[in-house]
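Next comes model11.txt, with compact mmCIF, N, CA and C atoms.
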```txt
# COMPACT_ATOMS: atom_id res chain seq x y z
N MET K 1 81.32 13.45 3.67
CA MET K 1 80.54 12.41 4.32
C MET K 1 80.51 11.20 3.39
N ASP K 2 80.91 10.07 3.93
CA ASP K 2 80.97 8.84 3.14
C ASP K 2 79.70 8.04 3.38
N THR K 3 78.87 7.94 2.37
CA THR K 3 77.65 7.12 2.49
C THR K 3 77.80 5.89 1.62
N GLN K 4 77.58 4.79 2.25
CA GLN K 4 77.64 3.54 1.51
C GLN K 4 76.24 3.14 1.10
N TYR K 5 76.14 2.59 -0.07
CA TYR K 5 74.86 2.09 -0.56
C TYR K 5 74.60 0.73 0.07
N THR K 6 73.47 0.60 0.74
CA THR K 6 73.06 -0.68 1.31
C THR K 6 71.82 -1.13 0.56
N PRO K 7 71.89 -2.29 -0.06
CA PRO K 7 70.71 -2.75 -0.78
C PRO K 7 69.53 -2.96 0.17
N GLN K 8 68.37 -2.61 -0.31
CA GLN K 8 67.16 -2.81 0.49
C GLN K 8 66.85 -4.30 0.54
N SER K 9 66.34 -4.74 1.65
CA SER K 9 65.92 -6.12 1.75
C SER K 9 64.52 -6.16 2.32
N ALA K 10 63.84 -7.19 1.97
CA ALA K 10 62.48 -7.38 2.48
C ALA K 10 62.37 -8.80 3.02
N LEU K 11 61.50 -8.95 3.96
CA LEU K 11 61.26 -10.29 4.50
C LEU K 11 60.50 -11.11 3.47
N GLU K 12 60.91 -12.34 3.33
CA GLU K 12 60.20 -13.22 2.40
C GLU K 12 58.85 -13.59 2.98
N ASP K 13 57.81 -13.39 2.22
CA ASP K 13 56.45 -13.72 2.65
C ASP K 13 56.05 -15.03 1.97
N ILE K 14 56.25 -16.11 2.68
CA ILE K 14 56.00 -17.44 2.13
C ILE K 14 54.50 -17.71 2.17
N LYS K 15 53.96 -18.15 1.06
CA LYS K 15 52.54 -18.47 0.99
C LYS K 15 52.31 -19.80 1.71
N ILE K 16 51.45 -19.77 2.70
CA ILE K 16 51.14 -20.96 3.50
C ILE K 16 49.93 -21.67 2.90
N ASN K 17 50.05 -22.96 2.75
CA ASN K 17 48.97 -23.78 2.23
C ASN K 17 47.75 -23.66 3.14
N VAL K 18 46.56 -23.61 2.54
CA VAL K 18 45.33 -23.46 3.31
C VAL K 18 45.14 -24.61 4.30
N LYS K 19 45.61 -25.80 3.96
CA LYS K 19 45.50 -26.93 4.88
C LYS K 19 46.27 -26.67 6.17
N LEU K 20 47.45 -26.09 6.05
CA LEU K 20 48.24 -25.77 7.24
C LEU K 20 47.62 -24.65 8.05
N LYS K 21 47.02 -23.67 7.37
CA LYS K 21 46.31 -22.60 8.09
C LYS K 21 45.17 -23.18 8.91
N LEU K 22 44.39 -24.06 8.30
CA LEU K 22 43.25 -24.66 9.00
C LEU K 22 43.72 -25.51 10.18
N ALA K 23 44.73 -26.33 9.98
CA ALA K 23 45.25 -27.16 11.08
C ALA K 23 45.77 -26.29 12.22
N SER K 24 46.44 -25.20 11.88
CA SER K 24 46.97 -24.29 12.91
C SER K 24 45.84 -23.61 13.68
N LEU K 25 44.78 -23.24 12.99
CA LEU K 25 43.64 -22.63 13.67
C LEU K 25 42.96 -23.62 14.61
N TRP K 26 42.80 -24.87 14.18
CA TRP K 26 42.21 -25.88 15.06
C TRP K 26 43.11 -26.15 16.26
N ALA K 27 44.43 -26.18 16.05
CA ALA K 27 45.36 -26.38 17.17
C ALA K 27 45.27 -25.23 18.16
N SER K 28 45.20 -24.01 17.65
CA SER K 28 45.05 -22.84 18.53
C SER K 28 43.76 -22.94 19.34
N LEU K 29 42.69 -23.35 18.67
CA LEU K 29 41.41 -23.50 19.35
C LEU K 29 41.51 -24.53 20.47
N MET K 30 42.18 -25.63 20.21
CA MET K 30 42.33 -26.67 21.23
C MET K 30 43.12 -26.17 22.44
N PHE K 31 44.18 -25.38 22.20
CA PHE K 31 44.92 -24.80 23.33
C PHE K 31 44.01 -23.92 24.18
N LEU K 32 43.18 -23.12 23.54
CA LEU K 32 42.26 -22.27 24.29
C LEU K 32 41.26 -23.10 25.09
N TYR K 33 40.71 -24.16 24.47
CA TYR K 33 39.79 -25.03 25.20
C TYR K 33 40.45 -25.62 26.43
N ILE K 34 41.67 -26.10 26.27
CA ILE K 34 42.38 -26.71 27.39
C ILE K 34 42.64 -25.69 28.49
N TYR K 35 43.11 -24.51 28.12
CA TYR K 35 43.43 -23.50 29.13
C TYR K 35 42.20 -22.97 29.83
N ILE K 36 41.11 -22.78 29.12
CA ILE K 36 39.91 -22.25 29.78
C ILE K 36 39.39 -23.28 30.79
N ASP K 37 39.48 -24.56 30.45
CA ASP K 37 39.09 -25.59 31.42
C ASP K 37 40.03 -25.61 32.61
N TYR K 38 41.31 -25.44 32.35
CA TYR K 38 42.31 -25.39 33.43
C TYR K 38 42.05 -24.20 34.36
N PHE K 39 41.76 -23.03 33.77
CA PHE K 39 41.52 -21.83 34.58
C PHE K 39 40.26 -21.94 35.42
N HIS K 40 39.34 -22.81 35.04
CA HIS K 40 38.14 -23.02 35.86
C HIS K 40 38.51 -23.50 37.27
N PHE K 41 39.61 -24.23 37.39
CA PHE K 41 40.01 -24.72 38.70
C PHE K 41 40.36 -23.58 39.66
N TYR K 42 40.67 -22.41 39.13
CA TYR K 42 41.01 -21.26 39.97
C TYR K 42 39.79 -20.45 40.40
N MET K 43 38.65 -20.76 39.85
CA MET K 43 37.43 -20.05 40.22
C MET K 43 36.92 -20.62 41.55
N PRO K 44 36.39 -19.76 42.40
CA PRO K 44 35.92 -20.22 43.72
C PRO K 44 34.91 -21.36 43.62
N ASN K 45 35.10 -22.35 44.44
CA ASN K 45 34.20 -23.49 44.63
C ASN K 45 34.13 -24.47 43.46
N LYS K 46 34.87 -24.26 42.39
CA LYS K 46 34.77 -25.17 41.25
C LYS K 46 35.34 -26.55 41.57
N ILE K 47 36.46 -26.58 42.28
CA ILE K 47 37.03 -27.88 42.66
C ILE K 47 36.09 -28.59 43.63
N ALA K 48 35.51 -27.84 44.56
CA ALA K 48 34.56 -28.44 45.51
C ALA K 48 33.34 -29.00 44.78
N ASP K 49 32.85 -28.27 43.76
CA ASP K 49 31.72 -28.76 42.96
C ASP K 49 32.09 -30.04 42.23
N ILE K 50 33.29 -30.08 41.67
CA ILE K 50 33.74 -31.28 40.96
C ILE K 50 33.85 -32.45 41.94
N GLN K 51 34.37 -32.18 43.14
CA GLN K 51 34.47 -33.24 44.15
C GLN K 51 33.09 -33.74 44.58
N LYS K 52 32.09 -32.86 44.48
CA LYS K 52 30.70 -33.26 44.79
C LYS K 52 30.04 -33.94 43.60
N GLY K 53 30.74 -33.99 42.48
CA GLY K 53 30.20 -34.68 41.32
C GLY K 53 29.34 -33.82 40.41
N ARG K 54 29.58 -32.49 40.40
CA ARG K 54 28.78 -31.58 39.58
C ARG K 54 29.67 -30.67 38.75
N VAL K 55 29.26 -30.43 37.50
CA VAL K 55 29.86 -29.41 36.64
C VAL K 55 28.70 -28.60 36.09
N PHE K 56 28.68 -27.31 36.45
CA PHE K 56 27.58 -26.42 36.06
C PHE K 56 26.28 -27.02 36.60
N VAL K 57 25.36 -27.45 35.75
CA VAL K 57 24.12 -28.08 36.23
C VAL K 57 24.11 -29.59 35.97
N PHE K 58 25.24 -30.11 35.55
CA PHE K 58 25.32 -31.52 35.15
C PHE K 58 26.00 -32.36 36.22
N ASP K 59 25.45 -33.57 36.41
CA ASP K 59 26.12 -34.55 37.26
C ASP K 59 27.28 -35.13 36.48
N ILE K 60 28.40 -35.34 37.17
CA ILE K 60 29.55 -35.98 36.53
C ILE K 60 29.30 -37.48 36.55
N THR K 61 28.99 -37.99 35.38
CA THR K 61 28.74 -39.42 35.21
C THR K 61 29.64 -39.92 34.09
N GLN K 62 29.63 -41.22 33.87
CA GLN K 62 30.38 -41.76 32.74
C GLN K 62 29.85 -41.18 31.44
N GLY K 63 28.54 -41.02 31.35
CA GLY K 63 27.92 -40.45 30.14
C GLY K 63 28.34 -39.00 29.92
N PHE K 64 28.37 -38.22 31.01
CA PHE K 64 28.79 -36.82 30.91
C PHE K 64 30.24 -36.74 30.43
N LEU K 65 31.12 -37.52 31.05
CA LEU K 65 32.53 -37.50 30.66
C LEU K 65 32.75 -38.00 29.24
N LEU K 66 31.98 -39.01 28.82
CA LEU K 66 32.06 -39.50 27.46
C LEU K 66 31.63 -38.42 26.47
N ALA K 67 30.53 -37.73 26.78
CA ALA K 67 30.05 -36.65 25.91
C ALA K 67 31.06 -35.51 25.85
N ALA K 68 31.64 -35.15 26.99
CA ALA K 68 32.65 -34.09 27.02
C ALA K 68 33.87 -34.49 26.20
N PHE K 69 34.29 -35.75 26.35
CA PHE K 69 35.45 -36.22 25.59
C PHE K 69 35.15 -36.23 24.09
N CYS K 70 33.98 -36.70 23.72
CA CYS K 70 33.61 -36.73 22.29
C CYS K 70 33.56 -35.32 21.71
N SER K 71 33.03 -34.38 22.47
CA SER K 71 32.94 -33.00 21.97
C SER K 71 34.32 -32.38 21.77
N MET K 72 35.31 -32.81 22.53
CA MET K 72 36.66 -32.28 22.37
C MET K 72 37.48 -33.10 21.38
N THR K 73 37.05 -34.33 21.11
CA THR K 73 37.74 -35.16 20.13
C THR K 73 37.57 -34.58 18.72
N ILE K 74 36.41 -34.01 18.45
CA ILE K 74 36.13 -33.50 17.11
C ILE K 74 37.13 -32.42 16.70
N PRO K 75 37.30 -31.32 17.46
CA PRO K 75 38.29 -30.33 17.02
C PRO K 75 39.72 -30.87 17.06
N ALA K 76 40.00 -31.79 17.97
CA ALA K 76 41.34 -32.38 18.00
C ALA K 76 41.61 -33.15 16.71
N LEU K 77 40.64 -33.92 16.26
CA LEU K 77 40.79 -34.67 15.01
C LEU K 77 40.82 -33.75 13.79
N MET K 78 40.17 -32.59 13.90
CA MET K 78 40.17 -31.65 12.77
C MET K 78 41.57 -31.14 12.46
N ILE K 79 42.46 -31.17 13.43
CA ILE K 79 43.86 -30.80 13.16
C ILE K 79 44.43 -31.76 12.12
N PHE K 80 44.23 -33.05 12.34
CA PHE K 80 44.71 -34.05 11.40
C PHE K 80 43.91 -34.03 10.08
N PHE K 81 42.59 -33.98 10.19
CA PHE K 81 41.76 -33.99 8.99
C PHE K 81 42.08 -32.81 8.07
N SER K 82 42.42 -31.68 8.66
CA SER K 82 42.71 -30.48 7.85
C SER K 82 43.92 -30.65 6.95
N VAL K 83 44.84 -31.50 7.34
CA VAL K 83 46.01 -31.73 6.48
C VAL K 83 45.92 -33.00 5.66
N SER K 84 44.97 -33.88 5.98
CA SER K 84 44.96 -35.18 5.32
C SER K 84 43.81 -35.40 4.34
N LEU K 85 42.69 -34.73 4.54
CA LEU K 85 41.55 -34.95 3.64
C LEU K 85 41.76 -34.28 2.29
N SER K 86 41.07 -34.79 1.28
CA SER K 86 41.13 -34.16 -0.04
C SER K 86 40.52 -32.76 0.05
N ALA K 87 40.88 -31.90 -0.87
CA ALA K 87 40.46 -30.50 -0.81
C ALA K 87 38.95 -30.33 -0.72
N LYS K 88 38.19 -31.03 -1.55
CA LYS K 88 36.73 -30.86 -1.57
C LYS K 88 36.10 -31.31 -0.25
N VAL K 89 36.48 -32.49 0.23
CA VAL K 89 35.95 -33.00 1.50
C VAL K 89 36.44 -32.13 2.66
N ASN K 90 37.70 -31.74 2.62
CA ASN K 90 38.31 -30.91 3.65
C ASN K 90 37.56 -29.59 3.79
N ARG K 91 37.31 -28.96 2.65
CA ARG K 91 36.63 -27.65 2.64
C ARG K 91 35.28 -27.74 3.35
N TRP K 92 34.45 -28.68 2.94
CA TRP K 92 33.12 -28.79 3.52
C TRP K 92 33.14 -29.28 4.95
N THR K 93 34.06 -30.17 5.28
CA THR K 93 34.17 -30.64 6.66
C THR K 93 34.53 -29.49 7.59
N ASN K 94 35.49 -28.66 7.19
CA ASN K 94 35.87 -27.51 8.01
C ASN K 94 34.74 -26.51 8.15
N ILE K 95 34.05 -26.22 7.07
CA ILE K 95 32.93 -25.27 7.12
C ILE K 95 31.83 -25.77 8.05
N ILE K 96 31.45 -27.03 7.89
CA ILE K 96 30.35 -27.58 8.70
C ILE K 96 30.73 -27.69 10.17
N VAL K 97 31.89 -28.29 10.45
CA VAL K 97 32.28 -28.50 11.85
C VAL K 97 32.50 -27.17 12.57
N ALA K 98 33.19 -26.23 11.94
CA ALA K 98 33.42 -24.92 12.57
C ALA K 98 32.11 -24.19 12.81
N THR K 99 31.18 -24.27 11.86
CA THR K 99 29.88 -23.61 12.02
C THR K 99 29.10 -24.21 13.18
N ILE K 100 29.16 -25.53 13.33
CA ILE K 100 28.47 -26.19 14.45
C ILE K 100 29.12 -25.81 15.77
N PHE K 101 30.44 -25.63 15.78
CA PHE K 101 31.14 -25.33 17.03
C PHE K 101 30.96 -23.89 17.50
N ILE K 102 30.49 -22.99 16.66
CA ILE K 102 30.27 -21.61 17.12
C ILE K 102 29.19 -21.57 18.21
N PRO K 103 27.98 -22.11 17.98
CA PRO K 103 27.00 -22.09 19.10
C PRO K 103 27.45 -22.95 20.28
N PHE K 104 28.14 -24.05 20.02
CA PHE K 104 28.67 -24.89 21.09
C PHE K 104 29.60 -24.07 21.99
N THR K 105 30.46 -23.27 21.38
CA THR K 105 31.38 -22.41 22.12
C THR K 105 30.63 -21.38 22.94
N LEU K 106 29.61 -20.78 22.35
CA LEU K 106 28.84 -19.77 23.06
C LEU K 106 28.02 -20.37 24.20
N PHE K 107 27.59 -21.63 24.05
CA PHE K 107 26.86 -22.32 25.11
C PHE K 107 27.70 -22.40 26.39
N ASN K 108 29.00 -22.49 26.23
CA ASN K 108 29.88 -22.57 27.39
C ASN K 108 29.85 -21.31 28.25
N LEU K 109 29.23 -20.24 27.74
CA LEU K 109 29.08 -19.02 28.54
C LEU K 109 27.82 -19.04 29.40
N ALA K 110 26.98 -20.07 29.23
CA ALA K 110 25.75 -20.16 30.02
C ALA K 110 26.10 -20.25 31.50
N GLY K 111 25.28 -19.63 32.29
CA GLY K 111 25.53 -19.64 33.74
C GLY K 111 26.49 -18.55 34.13
N GLU K 112 27.45 -18.91 34.95
CA GLU K 112 28.43 -17.95 35.47
C GLU K 112 29.53 -17.73 34.44
N ALA K 113 29.54 -16.54 33.84
CA ALA K 113 30.54 -16.24 32.81
C ALA K 113 31.47 -15.13 33.31
N TRP K 114 32.67 -15.50 33.65
CA TRP K 114 33.66 -14.51 34.07
C TRP K 114 34.30 -13.89 32.84
N MET K 115 35.00 -12.79 33.05
CA MET K 115 35.58 -12.06 31.93
C MET K 115 36.57 -12.90 31.11
N HIS K 116 37.35 -13.75 31.78
CA HIS K 116 38.29 -14.58 31.03
C HIS K 116 37.55 -15.56 30.13
N MET K 117 36.37 -16.00 30.55
CA MET K 117 35.56 -16.91 29.75
C MET K 117 34.97 -16.18 28.54
N VAL K 118 34.54 -14.95 28.76
CA VAL K 118 33.98 -14.14 27.67
C VAL K 118 35.06 -13.86 26.62
N LEU K 119 36.24 -13.46 27.09
CA LEU K 119 37.34 -13.20 26.16
C LEU K 119 37.72 -14.47 25.39
N ALA K 120 37.79 -15.59 26.10
CA ALA K 120 38.11 -16.86 25.43
C ALA K 120 37.07 -17.19 24.38
N ALA K 121 35.80 -17.00 24.70
CA ALA K 121 34.73 -17.29 23.74
C ALA K 121 34.84 -16.38 22.51
N ILE K 122 35.16 -15.12 22.72
CA ILE K 122 35.33 -14.19 21.60
C ILE K 122 36.47 -14.65 20.70
N VAL K 123 37.60 -15.00 21.30
CA VAL K 123 38.75 -15.45 20.51
C VAL K 123 38.43 -16.78 19.83
N GLU K 124 37.78 -17.70 20.53
CA GLU K 124 37.43 -19.00 19.95
C GLU K 124 36.49 -18.82 18.76
N VAL K 125 35.47 -17.96 18.90
CA VAL K 125 34.54 -17.72 17.79
C VAL K 125 35.28 -17.05 16.63
N ALA K 126 36.20 -16.15 16.93
CA ALA K 126 36.99 -15.52 15.86
C ALA K 126 37.81 -16.58 15.11
N LEU K 127 38.43 -17.52 15.84
CA LEU K 127 39.18 -18.60 15.19
C LEU K 127 38.27 -19.47 14.34
N LEU K 128 37.10 -19.80 14.86
CA LEU K 128 36.14 -20.60 14.10
C LEU K 128 35.67 -19.87 12.85
N CYS K 129 35.46 -18.57 12.95
CA CYS K 129 35.08 -17.77 11.77
C CYS K 129 36.21 -17.74 10.75
N LEU K 130 37.45 -17.67 11.22
CA LEU K 130 38.59 -17.74 10.30
C LEU K 130 38.66 -19.09 9.60
N ILE K 131 38.36 -20.15 10.33
CA ILE K 131 38.33 -21.48 9.72
C ILE K 131 37.30 -21.52 8.60
N VAL K 132 36.10 -21.03 8.89
CA VAL K 132 35.04 -20.99 7.86
C VAL K 132 35.50 -20.13 6.69
N HIS K 133 36.09 -18.98 6.98
CA HIS K 133 36.55 -18.07 5.92
C HIS K 133 37.59 -18.72 5.01
N TYR K 134 38.64 -19.29 5.61
CA TYR K 134 39.70 -19.91 4.81
C TYR K 134 39.17 -21.11 4.01
N ALA K 135 38.30 -21.89 4.62
CA ALA K 135 37.73 -23.04 3.91
C ALA K 135 36.82 -22.57 2.78
N TRP K 136 36.02 -21.54 3.05
CA TRP K 136 35.10 -21.02 2.03
C TRP K 136 35.87 -20.43 0.84
N LYS K 137 36.97 -19.74 1.13
CA LYS K 137 37.77 -19.08 0.09
C LYS K 137 38.89 -19.99 -0.44
N TRP K 138 38.74 -21.28 -0.27
CA TRP K 138 39.77 -22.24 -0.69
C TRP K 138 40.20 -21.92 -2.12
N PRO K 139 41.50 -21.81 -2.36
CA PRO K 139 41.97 -21.48 -3.72
C PRO K 139 41.52 -22.53 -4.74
N ARG K 140 41.18 -22.04 -5.91
CA ARG K 140 40.71 -22.92 -6.99
C ARG K 140 41.73 -22.92 -8.12
N ILE K 141 41.69 -23.97 -8.92
CA ILE K 141 42.54 -24.04 -10.10
C ILE K 141 41.65 -24.13 -11.33
N GLU K 142 42.17 -23.64 -12.43
CA GLU K 142 41.45 -23.73 -13.70
C GLU K 142 41.62 -25.13 -14.26
N ILE K 143 40.53 -25.71 -14.70
CA ILE K 143 40.58 -27.02 -15.33
C ILE K 143 40.23 -26.83 -16.80
N SER K 144 41.13 -27.25 -17.65
CA SER K 144 40.94 -27.10 -19.09
C SER K 144 40.20 -28.32 -19.63
N ASN K 145 39.17 -28.08 -20.43
CA ASN K 145 38.41 -29.17 -21.04
C ASN K 145 38.80 -29.37 -22.50
N LYS K 146 39.91 -28.78 -22.92
CA LYS K 146 40.36 -28.92 -24.30
C LYS K 146 40.83 -30.33 -24.55
N LYS K 147 40.47 -30.83 -25.74
CA LYS K 147 40.98 -32.14 -26.15
C LYS K 147 42.19 -31.94 -27.03
N SER K 148 43.23 -32.70 -26.77
CA SER K 148 44.47 -32.54 -27.55
C SER K 148 44.43 -33.31 -28.83
```
Serialized structure, structure tokens:
Amino acid sequence: MDTQYTPQSALEDIKINVKLKLASLWASLMFLYIYIDYFHFYMPNKIADIQKGRVFVFDITQGFLLAAFCSMTIPALMIFFSVSLSAKVNRWTNIIVATIFIPFTLFNLAGEAWMHMVLAAIVEVALLCLIVHYAWKWPRIEISNKKS
């Protein structure tokens, strides 16, 4: 029996910068926000409610739409901020914004919560917790105070 030696190989595990991890998590969160809003159109009477000028218990006004847009602008901008801000500012910005968005995400379950909404909220909160985790555990470097 002729056996040839085949060298073992392993997949290269490239270390990803924490800034890219945070930006990717915010981007994933935004996709979920967009899709959950899109899937609302498939729920009975939601389009009719929108045509009547109502979302949940809120009247659709310029103020309502402005508030909704502002609330979604924050995580969208966090994608950019996560790669562009300095480490110290970035770390605290991600921790604070993600922590604030956890109850905001859960508030979206108020009223009629279908299973797809519950699953989305669980995944969204998990992503936000990962953001807080990665920002909290931001890698540190040793700073030498020796004088040459």
query = So, counting only N, CA and C atoms, which residue among K:Ile14, K:Ile36, K:Met78, K:Leu22 is closest to K:Ala120?
reply =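 Once distances to K:Ala120 are computed over only N, CA and C atoms, the minimum belongs to K:Ile36.
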note = Expressed in Å, the length from atom C of K:Tyr33 to atom CA of K:Val125 is 13.1 Å
All strand (DSSP E or B) positions in stretch 8-148 of chain K, as a PyMOL selection string = chain K and resi 54-55+58-59
ask   = atom C of K:Ile141 to atom N of K:Thr99: how many Å, to one decimal?
value =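 Going from atom C of K:Ile141 over to atom N of K:Thr99 covers 25.4 Å.
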message = Residues within 12 Å of K:Ser71, please, as a PyMOL selection string. Count only C-alpha atoms; anything in the same chain fewer than 3 positions from it doesn't count.
response = chain K and resi 30+33+64-68+74-78+97+100-101+104-105
task = Report as a PyMOL selection string: the residues of chain K with a DSSP assignment of helix (DSSP H, G or I), based on the backbone of this structure.
result = chain K and resi 18-40+46-51+62-84+87-107+115-136
ask   = With all atoms listed in the file as the atoms that count, which of K:Val18, K:Val89, K:Ala48, K:Ile96 lies nearest to K:Val132?
value =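 That would be K:Ile96, the residue with the smallest distance to K:Val132.
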request  = Determine the nearest neighbour of K:Trp92 from the options K:Ile50, K:Trp136, K:Met43, K:Ala113, counting all atoms listed in the file.
outcome  =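 Under the stated criterion, the closest residue is K:Trp136.
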One-decimal distance in Å that lies between atom CA of K:Ala121 and atom CA of K:Leu32 = 9.0 Å
query = Pick from K:Trp26, K:Phe58, K:Trp114, K:Phe107: nearest to K:Pro44, with only C-alpha atoms counted?
reply = K:Trp114
key: Nearest candidate to K:Leu20 (options K:Ile102, K:Val83, K:Ala126, K:Ile143; using all atoms listed in the file)   =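 For K:Leu20, the nearest of the given residues is K:Val83.
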